[in-house]
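Trainee: Please find upload.cif (mmCIF, C-alpha atoms and all ligand atoms) on the next line:
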data_my_file
loop_
_atom_site.label_atom_id
_atom_site.label_comp_id
_atom_site.auth_asym_id
_atom_site.auth_seq_id
_atom_site.Cartn_x
_atom_site.Cartn_y
_atom_site.Cartn_z
CA MET M 1 4.84 -42.44 -0.72
CA ALA M 2 1.50 -40.63 -0.55
CA LEU M 3 1.59 -37.44 -2.54
CA THR M 4 0.86 -34.43 -0.42
CA ASN M 5 -2.33 -33.16 -1.92
CA ARG M 6 -1.87 -29.86 -0.19
CA GLN M 7 -4.53 -27.97 -2.08
CA VAL M 8 -3.17 -24.44 -1.95
CA LEU M 9 -5.43 -21.96 -3.67
CA THR M 10 -3.84 -19.71 -6.25
CA LEU M 11 -4.75 -16.02 -6.37
CA ASP M 12 -6.95 -16.69 -9.40
CA GLU M 13 -8.77 -19.58 -7.67
CA PHE M 14 -9.18 -17.49 -4.52
CA THR M 15 -10.61 -14.44 -6.28
CA ILE M 16 -13.03 -16.66 -8.20
CA ARG M 17 -14.09 -18.41 -4.97
CA GLU M 18 -14.63 -15.00 -3.38
CA MET M 19 -16.70 -13.97 -6.39
CA ARG M 20 -18.91 -17.07 -6.00
CA ALA M 21 -19.68 -15.86 -2.47
CA PHE M 22 -21.44 -12.85 -4.03
CA PRO M 23 -24.09 -14.14 -6.48
CA LYS M 24 -24.47 -10.67 -7.93
CA ALA M 25 -20.72 -10.34 -8.57
CA THR M 26 -19.88 -9.69 -12.21
CA GLY M 27 -16.34 -10.98 -11.88
CA GLU M 28 -14.87 -7.56 -12.73
CA LEU M 29 -13.16 -7.14 -9.38
CA ALA M 30 -11.75 -10.66 -9.52
CA ALA M 31 -10.45 -9.98 -13.04
CA LEU M 32 -8.95 -6.66 -11.94
CA LEU M 33 -7.08 -8.33 -9.08
CA ARG M 34 -5.79 -11.02 -11.42
CA ASP M 35 -4.61 -8.32 -13.85
CA ILE M 36 -2.64 -6.67 -11.03
CA GLY M 37 -1.19 -10.06 -10.12
CA LEU M 38 0.00 -10.47 -13.71
CA ALA M 39 1.67 -7.03 -13.69
CA ALA M 40 3.33 -7.92 -10.38
CA LYS M 41 4.75 -11.14 -11.84
CA ARG M 42 6.25 -9.20 -14.73
CA VAL M 43 7.73 -6.57 -12.40
CA ASN M 44 9.08 -9.33 -10.18
CA VAL M 45 11.09 -10.78 -13.07
CA GLU M 46 12.81 -7.44 -13.67
CA VAL M 47 13.34 -6.63 -9.99
CA ASN M 48 14.99 -10.01 -9.48
CA LYS M 49 17.53 -9.39 -12.23
CA ALA M 50 17.93 -5.64 -11.73
CA GLY M 51 21.55 -6.15 -10.82
CA LEU M 52 22.24 -8.10 -14.02
CA VAL M 53 20.92 -5.99 -16.85
CA ASP M 54 21.07 -2.34 -17.57
CA ILE M 55 17.92 -1.52 -15.67
CA LEU M 56 19.62 -0.10 -12.63
CA GLY M 57 20.32 3.50 -12.17
CA ASP M 58 18.35 6.59 -12.95
CA ALA M 59 16.02 6.83 -15.90
CA GLY M 60 17.34 10.35 -16.27
CA HIS M 61 14.15 12.26 -15.60
CA MET M 62 12.28 13.59 -12.58
CA ASN M 63 8.73 12.50 -11.73
CA VAL M 64 5.95 14.77 -10.53
CA GLN M 65 7.30 14.33 -7.01
CA GLY M 66 10.58 15.91 -8.08
CA GLU M 67 12.31 12.58 -7.42
CA GLU M 68 14.85 10.98 -9.70
CA VAL M 69 12.95 8.24 -11.59
CA LYS M 70 14.77 4.94 -11.84
CA LYS M 71 14.25 2.71 -14.81
CA LEU M 72 12.41 0.06 -12.75
CA ASP M 73 9.95 2.76 -11.73
CA ASP M 74 9.15 3.36 -15.37
CA PHE M 75 8.96 -0.33 -16.14
CA ALA M 76 6.65 -1.07 -13.21
CA ASN M 77 4.43 1.86 -14.14
CA GLU M 78 4.18 0.66 -17.75
CA GLN M 79 3.26 -2.85 -16.59
CA MET M 80 0.50 -1.64 -14.31
CA VAL M 81 -0.95 0.81 -16.86
CA GLY M 82 -0.67 -1.81 -19.62
CA VAL M 83 -2.52 -4.68 -17.94
CA LEU M 84 -5.24 -2.35 -16.67
CA ARG M 85 -5.70 -0.56 -20.01
CA HIS M 86 -5.90 -3.86 -21.92
CA GLY M 87 -8.10 -5.57 -19.33
CA ILE M 88 -11.88 -5.21 -19.19
CA SER M 89 -12.20 -4.11 -15.58
CA CYS M 90 -10.75 -0.64 -15.24
CA ALA M 91 -11.95 2.68 -16.68
CA GLY M 92 -8.89 4.69 -15.73
CA ILE M 93 -5.89 4.96 -13.41
CA ALA M 94 -3.84 7.40 -11.38
CA SER M 95 -0.19 6.66 -10.66
CA GLU M 96 2.37 8.25 -8.37
CA GLU M 97 4.63 8.34 -11.43
CA LEU M 98 2.23 10.32 -13.63
CA ASP M 99 1.37 13.99 -13.37
CA ASN M 100 -2.31 13.41 -14.11
CA PHE M 101 -4.82 10.56 -14.16
CA VAL M 102 -5.20 8.46 -17.32
CA MET M 103 -8.66 8.02 -18.88
CA PHE M 104 -8.85 4.78 -20.90
CA ASP M 105 -10.53 6.05 -24.03
CA ASP M 106 -11.92 2.82 -25.43
CA THR M 107 -15.58 1.91 -25.08
CA ILE M 108 -14.92 -1.43 -23.34
CA SER M 109 -12.78 0.14 -20.60
CA GLN M 110 -15.30 2.93 -20.17
CA GLN M 111 -17.96 0.32 -19.46
CA SER M 112 -16.04 -0.71 -16.33
CA LYS M 113 -17.23 0.45 -12.94
CA TYR M 114 -13.77 0.52 -11.34
CA ILE M 115 -10.77 2.81 -11.28
CA CYS M 116 -7.35 1.98 -9.85
CA MET M 117 -4.73 4.14 -8.14
CA PHE M 118 -1.22 2.89 -7.46
CA ASP M 119 2.38 3.55 -6.59
CA PRO M 120 4.00 1.19 -9.11
CA LEU M 121 7.30 0.84 -7.28
CA ASP M 122 7.55 2.30 -3.80
CA GLY M 123 10.90 2.53 -2.07
CA SER M 124 12.70 3.05 -5.36
CA SER M 125 15.69 4.67 -3.63
CA ASN M 126 16.39 1.13 -2.36
CA ILE M 127 16.45 -0.48 -5.82
CA ASP M 128 20.20 -0.22 -6.34
CA VAL M 129 21.07 -1.54 -2.88
CA ASN M 130 18.92 -4.67 -3.01
CA VAL M 131 16.49 -3.68 -0.28
CA SER M 132 12.87 -4.86 -0.68
CA ILE M 133 10.59 -2.60 -2.71
CA GLY M 134 6.93 -2.84 -3.56
CA THR M 135 3.80 -1.98 -5.49
CA ILE M 136 0.83 -0.44 -3.67
CA PHE M 137 -2.68 -0.32 -5.19
CA SER M 138 -6.26 0.58 -4.41
CA ILE M 139 -9.51 0.03 -6.30
CA TYR M 140 -12.61 2.25 -6.15
CA ARG M 141 -15.97 2.32 -7.91
CA ARG M 142 -16.08 5.25 -10.29
CA VAL M 143 -18.47 8.06 -9.35
CA THR M 144 -19.11 9.18 -12.96
CA PRO M 145 -21.59 7.26 -15.14
CA VAL M 146 -20.42 3.92 -16.60
CA GLY M 147 -19.85 4.32 -20.33
CA THR M 148 -18.41 7.83 -20.07
CA PRO M 149 -14.76 8.92 -19.76
CA VAL M 150 -13.53 9.09 -16.16
CA THR M 151 -12.88 12.51 -14.65
CA ILE M 152 -10.78 13.80 -11.73
CA ASP M 153 -13.82 13.27 -9.48
CA ASP M 154 -13.36 9.50 -9.87
CA PHE M 155 -9.93 9.81 -8.24
CA LEU M 156 -10.45 12.44 -5.52
CA GLN M 157 -12.45 10.02 -3.38
CA PRO M 158 -11.90 9.41 0.35
CA GLY M 159 -10.28 6.10 1.29
CA ASN M 160 -13.50 4.98 2.99
CA ARG M 161 -14.80 4.40 -0.57
CA ILE M 162 -12.11 1.78 -1.32
CA VAL M 163 -13.46 -1.54 -2.66
CA ALA M 164 -10.14 -3.39 -2.48
CA ALA M 165 -6.53 -2.46 -1.69
CA GLY M 166 -3.24 -4.29 -1.55
CA TYR M 167 0.49 -4.37 -2.03
CA VAL M 168 3.24 -6.55 -3.47
CA ILE M 169 6.65 -6.91 -1.81
CA TYR M 170 9.52 -7.92 -4.07
CA GLY M 171 11.78 -9.30 -1.36
CA SER M 172 13.19 -12.56 -0.05
CA SER M 173 10.02 -13.94 -1.57
CA THR M 174 7.42 -12.09 -3.58
CA ILE M 175 4.16 -11.71 -1.69
CA LEU M 176 0.89 -10.09 -2.71
CA VAL M 177 -1.47 -9.04 0.08
CA TYR M 178 -4.91 -7.67 -0.60
CA ALA M 179 -7.93 -6.67 1.44
CA THR M 180 -11.63 -6.43 0.71
CA LYS M 181 -14.53 -6.04 3.14
CA ARG M 182 -14.21 -9.82 3.68
CA GLY M 183 -10.72 -9.57 5.10
CA VAL M 184 -6.99 -9.57 4.34
CA ASN M 185 -5.16 -12.43 2.60
CA GLY M 186 -1.57 -12.93 1.49
CA PHE M 187 -0.28 -14.90 -1.48
CA THR M 188 3.33 -15.93 -2.05
CA LEU M 189 4.61 -16.29 -5.60
CA ASP M 190 5.42 -19.96 -6.24
CA PRO M 191 8.06 -19.89 -8.98
CA SER M 192 7.48 -23.59 -9.72
CA ILE M 193 4.02 -22.80 -11.13
CA GLY M 194 4.37 -19.05 -11.64
CA GLU M 195 1.29 -18.38 -9.54
CA PHE M 196 0.62 -16.44 -6.34
CA SER M 197 -0.50 -19.11 -3.84
CA LEU M 198 -2.42 -18.50 -0.62
CA SER M 199 0.18 -18.41 2.18
CA HIS M 200 -1.28 -15.97 4.74
CA PRO M 201 -5.05 -16.56 5.03
CA ASP M 202 -7.12 -14.09 7.04
CA ILE M 203 -4.30 -11.83 8.28
CA LYS M 204 -5.02 -10.09 11.60
CA CYS M 205 -2.84 -7.36 13.09
CA PRO M 206 -2.04 -8.12 16.78
CA GLU M 207 -3.69 -5.52 19.01
CA THR M 208 -0.28 -4.56 20.38
CA GLY M 209 3.37 -5.11 19.54
CA LYS M 210 6.96 -4.26 20.38
CA ILE M 211 8.12 -2.71 17.10
CA TYR M 212 8.09 0.98 16.35
CA SER M 213 9.14 2.30 12.94
CA ILE M 214 10.16 5.92 12.39
CA ASN M 215 13.03 7.80 10.76
CA HIS M 216 14.95 9.17 13.76
CA GLY M 217 16.84 11.41 11.36
CA ASN M 218 13.81 13.74 11.47
CA TRP M 219 13.90 14.00 15.30
CA TYR M 220 14.57 17.72 15.50
CA GLY M 221 11.52 18.38 13.33
CA PHE M 222 9.16 16.34 15.51
CA SER M 223 6.48 17.93 17.68
CA ASP M 224 6.68 17.63 21.47
CA GLY M 225 3.95 15.00 21.43
CA MET M 226 5.81 12.97 18.80
CA LYS M 227 9.03 13.16 20.83
CA GLU M 228 7.12 12.07 23.96
CA TYR M 229 5.80 8.96 22.20
CA VAL M 230 9.22 8.02 20.77
CA GLU M 231 10.80 8.42 24.22
CA ARG M 232 8.08 6.18 25.70
CA CYS M 233 8.93 3.57 23.04
CA GLN M 234 12.60 3.80 23.99
CA THR M 235 11.98 3.45 27.72
CA LYS M 236 9.27 0.77 27.85
CA ASP M 237 10.04 -1.82 30.49
CA LYS M 238 8.58 -5.30 30.80
CA SER M 239 5.77 -4.09 33.08
CA LYS M 240 4.53 -1.91 30.21
CA GLY M 241 4.86 -4.42 27.42
CA GLY M 242 8.44 -3.47 26.57
CA PRO M 243 11.21 -3.47 25.71
CA TYR M 244 10.37 -2.22 22.23
CA THR M 245 12.67 -2.50 19.26
CA GLN M 246 13.06 0.06 16.46
CA ARG M 247 12.87 -1.32 12.93
CA TYR M 248 12.94 0.99 9.89
CA ILE M 249 13.83 -0.30 6.45
CA GLY M 250 12.91 2.89 4.59
CA SER M 251 10.65 0.90 2.31
CA MET M 252 7.06 1.39 3.42
CA VAL M 253 5.69 -1.88 2.07
CA SER M 254 8.27 -3.84 4.08
CA ASP M 255 7.95 -1.81 7.28
CA VAL M 256 4.14 -1.86 7.30
CA HIS M 257 3.92 -5.53 6.23
CA ARG M 258 6.21 -6.60 9.09
CA ASN M 259 4.21 -4.57 11.61
CA LEU M 260 0.92 -5.90 10.20
CA ILE M 261 2.04 -9.50 10.74
CA LYS M 262 3.99 -9.11 14.02
CA GLY M 263 2.21 -6.13 15.58
CA GLY M 264 3.80 -2.70 15.74
CA ILE M 265 3.43 0.92 14.67
CA PHE M 266 4.74 2.76 11.62
CA MET M 267 4.98 6.53 11.78
CA TYR M 268 5.80 9.18 9.22
CA PRO M 269 4.80 12.40 11.01
CA GLY M 270 4.82 15.94 9.75
CA THR M 271 7.86 17.99 10.76
CA THR M 272 8.48 21.71 11.26
CA ASP M 273 9.72 22.11 7.68
CA LYS M 274 7.33 19.57 6.15
CA PRO M 275 4.11 19.73 8.23
CA ALA M 276 2.27 17.45 5.75
CA GLY M 277 5.00 14.82 6.01
CA LYS M 278 6.26 12.89 2.97
CA LEU M 279 3.84 10.07 2.19
CA ARG M 280 1.08 10.31 -0.41
CA LEU M 281 -2.53 10.10 0.73
CA LEU M 282 -3.95 8.46 -2.40
CA TYR M 283 -1.19 6.02 -3.38
CA GLU M 284 0.44 5.00 -0.07
CA CYS M 285 -1.60 5.97 2.99
CA ASN M 286 -5.18 5.16 1.95
CA PRO M 287 -4.35 1.63 0.73
CA PHE M 288 -2.39 0.76 3.86
CA ALA M 289 -5.00 2.39 6.10
CA TYR M 290 -7.70 0.25 4.48
CA ILE M 291 -5.67 -2.96 4.75
CA MET M 292 -4.69 -2.30 8.36
CA GLU M 293 -8.27 -1.52 9.41
CA LYS M 294 -9.55 -4.72 7.73
CA ALA M 295 -6.87 -6.57 9.72
CA GLY M 296 -8.03 -4.99 13.00
CA GLY M 297 -5.52 -2.13 13.22
CA ARG M 298 -5.91 1.64 12.85
CA ALA M 299 -4.54 4.49 10.74
CA THR M 300 -4.68 8.26 11.32
CA ASP M 301 -2.94 11.45 10.33
CA GLY M 302 -2.48 12.25 14.01
CA LYS M 303 -5.82 14.01 14.20
CA MET M 304 -8.35 12.03 12.11
CA ARG M 305 -8.93 8.66 10.49
CA ILE M 306 -6.94 8.50 7.26
CA LEU M 307 -9.82 6.91 5.34
CA ASP M 308 -12.09 9.87 6.15
CA LYS M 309 -9.73 12.48 4.67
CA MET M 310 -11.19 14.22 1.61
CA PRO M 311 -8.44 14.53 -1.02
CA THR M 312 -8.15 17.82 -2.93
CA LYS M 313 -5.16 16.98 -5.13
CA LEU M 314 -3.92 13.70 -6.69
CA HIS M 315 -0.46 13.89 -5.14
CA GLU M 316 -1.18 15.43 -1.77
CA ARG M 317 0.83 14.31 1.23
CA THR M 318 -0.30 13.54 4.76
CA PRO M 319 1.27 12.71 8.12
CA PHE M 320 0.72 8.96 8.55
CA PHE M 321 0.47 6.67 11.60
CA VAL M 322 -0.60 3.05 11.18
CA GLY M 323 -0.54 -0.11 13.28
CA SER M 324 -1.73 -2.02 16.33
CA VAL M 325 -4.70 -0.42 18.03
CA LYS M 326 -3.18 -0.26 21.53
CA MET M 327 -0.01 1.38 20.23
CA MET M 328 -2.08 3.82 18.17
CA ASP M 329 -4.08 4.70 21.28
CA GLU M 330 -0.92 5.52 23.26
CA LEU M 331 0.45 7.54 20.34
CA GLU M 332 -2.74 9.62 20.27
CA GLU M 333 -2.47 10.20 24.00
CA CYS M 334 0.99 11.72 23.38
CA LEU M 335 0.03 13.73 20.28
CA ALA M 336 -2.75 15.35 22.33
CA ILE M 337 0.08 17.25 24.05
CA ASP M 338 0.48 19.25 20.82
CA ASN M 339 -3.13 20.43 20.93
CA LYS M 340 -2.89 21.87 24.46
P1 LIG M 401 12.59 8.54 4.50
C1 LIG M 401 10.26 5.44 0.03
O1 LIG M 401 10.85 6.49 -0.70
C2 LIG M 401 9.11 6.01 0.85
O2 LIG M 401 8.16 6.61 0.02
C3 LIG M 401 8.48 4.92 1.68
O3 LIG M 401 8.52 3.67 1.08
C4 LIG M 401 9.31 4.94 2.95
O4 LIG M 401 8.58 4.51 4.08
C5 LIG M 401 9.66 6.42 3.08
O5 LIG M 401 9.61 6.97 1.76
C6 LIG M 401 11.07 6.59 3.63
O6 LIG M 401 11.29 8.00 3.71
O7 LIG M 401 12.41 10.03 4.50
O8 LIG M 401 12.55 7.96 5.90
O9 LIG M 401 13.78 8.05 3.70
#
As structure tokens - that is how I would like this structure written.

Mentor:
Amino acid sequence: MALTNRQVLTLDEFTIREMRAFPKATGELAALLRDIGLAAKRVNVEVNKAGLVDILGDAGHMNVQGEEVKKLDDFANEQMVGVLRHGISCAGIASEELDNFVMFDDTISQQSKYICMFDPLDGSSNIDVNVSIGTIFSIYRRVTPVGTPVTIDDFLQPGNRIVAAGYVIYGSSTILVYATKRGVNGFTLDPSIGEFSLSHPDIKCPETGKIYSINHGNWYGFSDGMKEYVERCQTKDKSKGGPYTQRYIGSMVSDVHRNLIKGGIFMYPGTTDKPAGKLRLLYECNPFAYIMEKAGGRATDGKMRILDKMPTKLHERTPFFVGSVKMMDELEECLAIDNK
């Protein structure tokens, strides 16, 4: 029987091939992405056995967000910081789990031109109930001189300065998706070889869809324009591309990934008591905005392009809308009601 010589590129092979496409590439970005892939593989092992060993439950302290930190959060954070600190391609990091950024104070790291910001384990409230969770990351060029310690200025950059961004979903299978200016590609972890293998080449977000994702529990805090759009989603008939379906897992990586692949819109608006919403600009919204735009979708805060927002604090929040361009257009039509 002829062996299937299905030559599926691994993440490492893919990043190296991408590097070859840029003769001036130093290989730092490819190495950085491979480092993140290694951290993801280590996190995946723990996530997959979370129910078996004493890694469930709260780690007993609160993070800077005032949220109970679960042990897997800590573990994932340690893995990401560890591989990046001991690699040769990152000068410093900022993490949703850490109050402040971390400057890597060794000369080799300080020679790197990149910094990385990440949410090591998003959706952690779902850990104990076996719902998919994920890692979200973004990579920027530092703005301070190579060879010096990074400063806060290296982290308070707008998302339109992103060089690469991606996420990992620890779910029914473990998938790593990342985007650069050349496009968006997904890699599924193949346990038989322990490598992420190209499974979703050149991901494009359909220009419209039938899925809308929002937490209806916040309804009474929504603006009139937000309520108008949700009611349109609930009353779409076939003549207007409906009927829509509402899908909300409460784990951003899963909700946005599904909508990226199938078409749809994910919304976490501001509310009367939380006008800035819940999601973090640097660690959650910018990466997904970058990925979605590279896949042909759009992302705004309801008023402006997410990637053009100028951050003032590491952990600032923003209202967040992301998805298929035609659905985003209709949403904006409705939100304009609020500005009248
Ligand atoms: P809510 C998870 O805690 C998270 O940060 C995102 O992954 C998710 O989309 C959102 O919060 C869910 O928030 O308020 O709807 O439970």

Trainee: Each residue of chain M with at least one atom at most 9 Å from ligand LIG 401 (chain M) should appear once, together with its nearest atom pair and the corresponding distance in Å (one decimal); atoms considered: all atoms listed in the file; ordering: chain, then increasing residue number; output as JSON lines.

Mentor:
{"residue": "M:Leu121", "atom": "CA", "partner": "M:LIG401", "partner_atom": "O3", "distance": 8.9}
{"residue": "M:Asp122", "atom": "CA", "partner": "M:LIG401", "partner_atom": "O3", "distance": 5.2}
{"residue": "M:Gly123", "atom": "CA", "partner": "M:LIG401", "partner_atom": "C1", "distance": 3.6}
{"residue": "M:Ser124", "atom": "CA", "partner": "M:LIG401", "partner_atom": "O1", "distance": 6.1}
{"residue": "M:Ser125", "atom": "CA", "partner": "M:LIG401", "partner_atom": "O1", "distance": 5.9}
{"residue": "M:Asn126", "atom": "CA", "partner": "M:LIG401", "partner_atom": "C1", "distance": 7.9}
{"residue": "M:Ile133", "atom": "CA", "partner": "M:LIG401", "partner_atom": "O3", "distance": 7.6}
{"residue": "M:Gly134", "atom": "CA", "partner": "M:LIG401", "partner_atom": "O3", "distance": 8.2}
{"residue": "M:Ile214", "atom": "CA", "partner": "M:LIG401", "partner_atom": "O8", "distance": 7.2}
{"residue": "M:Asn215", "atom": "CA", "partner": "M:LIG401", "partner_atom": "O8", "distance": 4.9}
{"residue": "M:His216", "atom": "CA", "partner": "M:LIG401", "partner_atom": "O8", "distance": 8.3}
{"residue": "M:Gly217", "atom": "CA", "partner": "M:LIG401", "partner_atom": "O8", "distance": 7.8}
{"residue": "M:Asn218", "atom": "CA", "partner": "M:LIG401", "partner_atom": "O7", "distance": 8.0}
{"residue": "M:Tyr248", "atom": "CA", "partner": "M:LIG401", "partner_atom": "O8", "distance": 8.0}
{"residue": "M:Ile249", "atom": "CA", "partner": "M:LIG401", "partner_atom": "O4", "distance": 7.5}
{"residue": "M:Gly250", "atom": "CA", "partner": "M:LIG401", "partner_atom": "C6", "distance": 4.2}
{"residue": "M:Ser251", "atom": "CA", "partner": "M:LIG401", "partner_atom": "O3", "distance": 3.7}
{"residue": "M:Met252", "atom": "CA", "partner": "M:LIG401", "partner_atom": "O4", "distance": 3.5}
{"residue": "M:Val253", "atom": "CA", "partner": "M:LIG401", "partner_atom": "O3", "distance": 6.3}
{"residue": "M:Ser254", "atom": "CA", "partner": "M:LIG401", "partner_atom": "O3", "distance": 8.1}
{"residue": "M:Asp255", "atom": "CA", "partner": "M:LIG401", "partner_atom": "O4", "distance": 7.1}
{"residue": "M:Val256", "atom": "CA", "partner": "M:LIG401", "partner_atom": "O4", "distance": 8.4}
{"residue": "M:Phe266", "atom": "CA", "partner": "M:LIG401", "partner_atom": "O4", "distance": 8.6}
{"residue": "M:Met267", "atom": "CA", "partner": "M:LIG401", "partner_atom": "O4", "distance": 8.7}
{"residue": "M:Tyr268", "atom": "CA", "partner": "M:LIG401", "partner_atom": "O4", "distance": 7.5}
{"residue": "M:Gly277", "atom": "CA", "partner": "M:LIG401", "partner_atom": "O7", "distance": 9.0}
{"residue": "M:Lys278", "atom": "CA", "partner": "M:LIG401", "partner_atom": "O5", "distance": 6.9}
{"residue": "M:Leu279", "atom": "CA", "partner": "M:LIG401", "partner_atom": "O2", "distance": 5.9}
{"residue": "M:Arg280", "atom": "CA", "partner": "M:LIG401", "partner_atom": "O2", "distance": 8.0}
{"residue": "M:Glu284", "atom": "CA", "partner": "M:LIG401", "partner_atom": "O2", "distance": 7.9}

Trainee: Closest to Ser213 in chain M among M:Gly37, M:Gly263, M:Gly66, M:Pro311, using only C-alpha atoms?

Mentor: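 That would be M:Gly263, the residue with the smallest distance to Ser213 in chain M.
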
Trainee: Restricting the calculation to all atoms listed in the file: of M:Gly323, M:Gly92, M:Gly87, M:Pro275, which residue gets closest to Arg34 in chain M?

Mentor: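 Using all atoms listed in the file, Arg34 in chain M sits closest to M:Gly87.
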
Trainee: Choose the residue, out of M:Ser132, M:Arg17, M:Asp329, M:Asp154, that has the smallest atom-to-atom separation from Val102 in chain M; count all atoms listed in the file.

Mentor: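 So, comparing all the options, the nearest one is M:Asp154.
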
Trainee: Taking only C-alpha atoms into account, which of M:Lys71, M:Lys309, M:His61, M:Arg298 comes nearest Pro158 in chain M?

Mentor: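 Ranked by minimum distance to Pro158 in chain M, first place goes to M:Lys309.
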
Trainee: I'd like the contact shell of range 230-247 of chain M - 9 Å cut-off, all atoms listed in the file, skipping same-chain residues fewer than 3 positions apart - returned as a list in words.

Mentor: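 Contacts, with the query itself left out: Thr208, Gly209, Lys210, Ile211, Tyr212, Ser213, Ile214, Gly225, Met226, Lys227, Asp255 and Leu331 of chain M.
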
Trainee: Nearest residue to Phe22 in chain M out of M:Ala40, M:Arg182, M:Glu333, M:Ser138, using all atoms listed in the file?

Mentor: M:Arg182

Trainee: Using only C-alpha atoms, which residue out of M:Leu335, M:Ile36, M:Leu29, M:Met310 lies closest to Leu176 in chain M?

Mentor: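 Nearest candidate to Leu176 in chain M out of M:Leu335, M:Ile36, M:Leu29, M:Met310: M:Ile36.
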
Trainee: For CA of Glu195 in chain M and CA of Thr174 in chain M, quote the distance in Å rounded to one decimal.

Mentor: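 Taking CA of Glu195 in chain M as the start and CA of Thr174 in chain M as the end point, the length is 10.6 Å.
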
Trainee: One decimal, in Å: what's the spacing between CA of Leu9 in chain M and CA of Ala21 in chain M?

Mentor: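 Rounded to one decimal, the two atoms are 15.5 Å apart.
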
Trainee: What separation in Å, quoted to one decimal, exists between CA of Met292 in chain M and CA of Lys326 in chain M?

Mentor: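 CA of Lys326 in chain M lies 13.4 Å from CA of Met292 in chain M.
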
Trainee: Please list as a list of chain:residue names every residue within 8 Å of Pro149 in chain M, counting only C-alpha atoms and excluding residues in the same chain fewer than 3 positions away.

Mentor: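 With the cut-off at 8 Å, the set is M:Ala91, M:Met103, M:Phe104, M:Asp105, M:Gln110.
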
Trainee: Could you name the residues that touch Asp190 in chain M at 12 Å or less, counting all atoms listed in the file, but leaving out those on the same chain fewer than 2 positions away, as a PyMOL selection string?

Mentor: chain M and resi 8-11+41+44+173-176+187-188+192-199

Trainee: Tell me which protein, DNA and RNA residues are within 8 Å of Ala30 in chain M, counting all atoms listed in the file, leaving out same-chain ones fewer than 2 positions away, and put them as JSON, numbers by chain.

Mentor: {"M": [12, 15, 16, 19, 27, 28, 32, 33, 34]}

Trainee: Report as a list in words all protein, DNA and RNA residues lying within 7 Å of Thr180 in chain M, evaluated on all atoms listed in the file, omitting residues in the same chain fewer than 3 positions from it.

Mentor: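 What passes the distance filter is Val163, Ala164, Ala165, Gly183 and Val184 of chain M.
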
Trainee: Take the residues just selected and output them with C-alpha atoms as a short mmCIF file (atom, residue, chain, number, x, y, z; two decimals), keeping the file's coordinate frame.

Mentor:
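That gives us selection31.cif:
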data_model
loop_
_atom_site.label_atom_id
_atom_site.label_comp_id
_atom_site.auth_asym_id
_atom_site.auth_seq_id
_atom_site.Cartn_x
_atom_site.Cartn_y
_atom_site.Cartn_z
CA VAL M 163 -13.46 -1.54 -2.66
CA ALA M 164 -10.14 -3.39 -2.48
CA ALA M 165 -6.53 -2.46 -1.69
CA GLY M 183 -10.72 -9.57 5.10
CA VAL M 184 -6.99 -9.57 4.34
#

Trainee: Do you know which residues lie at most 9 Å from (-18.5, 10.6, -7.8), with coordinates as in the file and all atoms listed in the file counted, and could you write them as an MDAnalysis selection string?

Mentor: chainID M and resid 141:145 153:157

Trainee: Can I get range 322-332 of chain M with N, CA and C atoms filled in, as a PDB file, in the coordinates of the input?

Mentor:
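Output below, filename out-v6.pdb:
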ATOM      1  N   VAL M 322       0.188   4.257  11.465  1.00  0.00           N
ATOM      2  CA  VAL M 322      -0.600   3.050  11.180  1.00  0.00           C
ATOM      3  C   VAL M 322      -0.078   1.876  11.997  1.00  0.00           C
ATOM      4  N   GLY M 323      -1.012   1.055  12.536  1.00  0.00           N
ATOM      5  CA  GLY M 323      -0.540  -0.110  13.280  1.00  0.00           C
ATOM      6  C   GLY M 323      -1.517  -0.638  14.305  1.00  0.00           C
ATOM      7  N   SER M 324      -0.945  -1.352  15.279  1.00  0.00           N
ATOM      8  CA  SER M 324      -1.730  -2.020  16.330  1.00  0.00           C
ATOM      9  C   SER M 324      -2.539  -1.017  17.137  1.00  0.00           C
ATOM     10  N   VAL M 325      -3.793  -1.390  17.411  1.00  0.00           N
ATOM     11  CA  VAL M 325      -4.700  -0.420  18.030  1.00  0.00           C
ATOM     12  C   VAL M 325      -4.190   0.106  19.363  1.00  0.00           C
ATOM     13  N   LYS M 326      -3.609  -0.759  20.207  1.00  0.00           N
ATOM     14  CA  LYS M 326      -3.180  -0.260  21.530  1.00  0.00           C
ATOM     15  C   LYS M 326      -2.011   0.703  21.407  1.00  0.00           C
ATOM     16  N   MET M 327      -1.151   0.463  20.426  1.00  0.00           N
ATOM     17  CA  MET M 327      -0.010   1.380  20.230  1.00  0.00           C
ATOM     18  C   MET M 327      -0.501   2.695  19.636  1.00  0.00           C
ATOM     19  N   MET M 328      -1.501   2.605  18.756  1.00  0.00           N
ATOM     20  CA  MET M 328      -2.080   3.820  18.170  1.00  0.00           C
ATOM     21  C   MET M 328      -2.766   4.646  19.253  1.00  0.00           C
ATOM     22  N   ASP M 329      -3.420   3.968  20.185  1.00  0.00           N
ATOM     23  CA  ASP M 329      -4.080   4.700  21.280  1.00  0.00           C
ATOM     24  C   ASP M 329      -3.067   5.476  22.106  1.00  0.00           C
ATOM     25  N   GLU M 330      -1.933   4.818  22.447  1.00  0.00           N
ATOM     26  CA  GLU M 330      -0.920   5.520  23.260  1.00  0.00           C
ATOM     27  C   GLU M 330      -0.296   6.681  22.473  1.00  0.00           C
ATOM     28  N   LEU M 331      -0.077   6.459  21.177  1.00  0.00           N
ATOM     29  CA  LEU M 331       0.450   7.540  20.340  1.00  0.00           C
ATOM     30  C   LEU M 331      -0.479   8.745  20.410  1.00  0.00           C
ATOM     31  N   GLU M 332      -1.791   8.498  20.288  1.00  0.00           N
ATOM     32  CA  GLU M 332      -2.740   9.620  20.270  1.00  0.00           C
ATOM     33  C   GLU M 332      -2.762  10.353  21.604  1.00  0.00           C
TER      34      GLU M 332
END
